[in-house]
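Inspection log for the structure reproduced underneath, given as structure tokens.
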Amino acid sequence: MAARVSAHRVVRGARDTDVMVKGTLLAESLRIGAVLEVDALTVSRIFRREVAATVTSAQPGVWTFVEFEGPDEIADTLATSLAGTLLREGGWYADFSVGNDHVVVFADRVFRYVRGDRKERRKIEEYAAGVGVPLQQIDWVD
């Protein structure tokens with residue numbers, strides 16, 4: 001895969017309890033040749049999982065999960081960067097939380113809502129289904 005995630009570790013002092021961006025990206029969701037590089041974004045864990053029972057014919061049966069975090073100030077930059085690197089086809093998205101908000105990113109589209117706002121979440125779920133995300137994959141946690 002030509003895409004890469006470049007992370008720059010942030011060293012924090014006594015304010016480690018500050019609001020943080022925390023989320024998950026699937027490596028398979030990146031466009032070929034895409035580069036996601038956001039200063040202060042730290043990869044916290046990478047693992048692979050067999051998911052063949054929940055995928056579409058356009059998605060591979062094994063996914064690489066990239067969990068990340070960073071200071072809340074990077075939320076807008078991260079969302080914009082993800083929107084520019086995610087595949088348009090195949091029903092892919094990435095998501096992360098920041099403060100009381102949840103951000104769900106699709107190719108060229110970013111949604112941000114207050115966690116627990118069912119009305120806004122439903123709008124995003126409808127959009128997700130409309131761009132090909134299978135219902136069983138519309139499962140981000142508020």
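Each chain of the structure tokens is named A, B, ... in the order shown, its residues numbered from 1; ligands are numbered from 1 in display order.
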Contacts of Val110 in chain A at 8 Å (only C-alpha atoms; same-chain gap of 4+ positions) as a PyMOL selection string: chain A and resi 79-80+83+103-106
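Using only C-alpha atoms, the contacts of Pro60 in chain A at a cut-off of 12 Å, with sequence neighbours closer than 3 positions omitted, comprise Leu26, Ala27, Glu28, Ser29, Arg48, Arg49, Glu50, Val51, Ala52, Ala53, Thr54, Val55, Thr56, Ser57, Trp63, Thr64, Gly90, Gly91 and Trp92 of chain A.
In the backbone-derived DSSP annotation, alpha helix (DSSP H) within chain A comprises Ala75, Asp76, Thr77, Leu78, Ala79, Thr80, Ser81, Leu82, Ala83, Gly84, Thr85, Arg118, Lys119, Glu120, Arg121, Arg122, Lys123, Ile124, Glu125, Glu126, Tyr127, Ala128, Ala129 and Gly130 of chain A.
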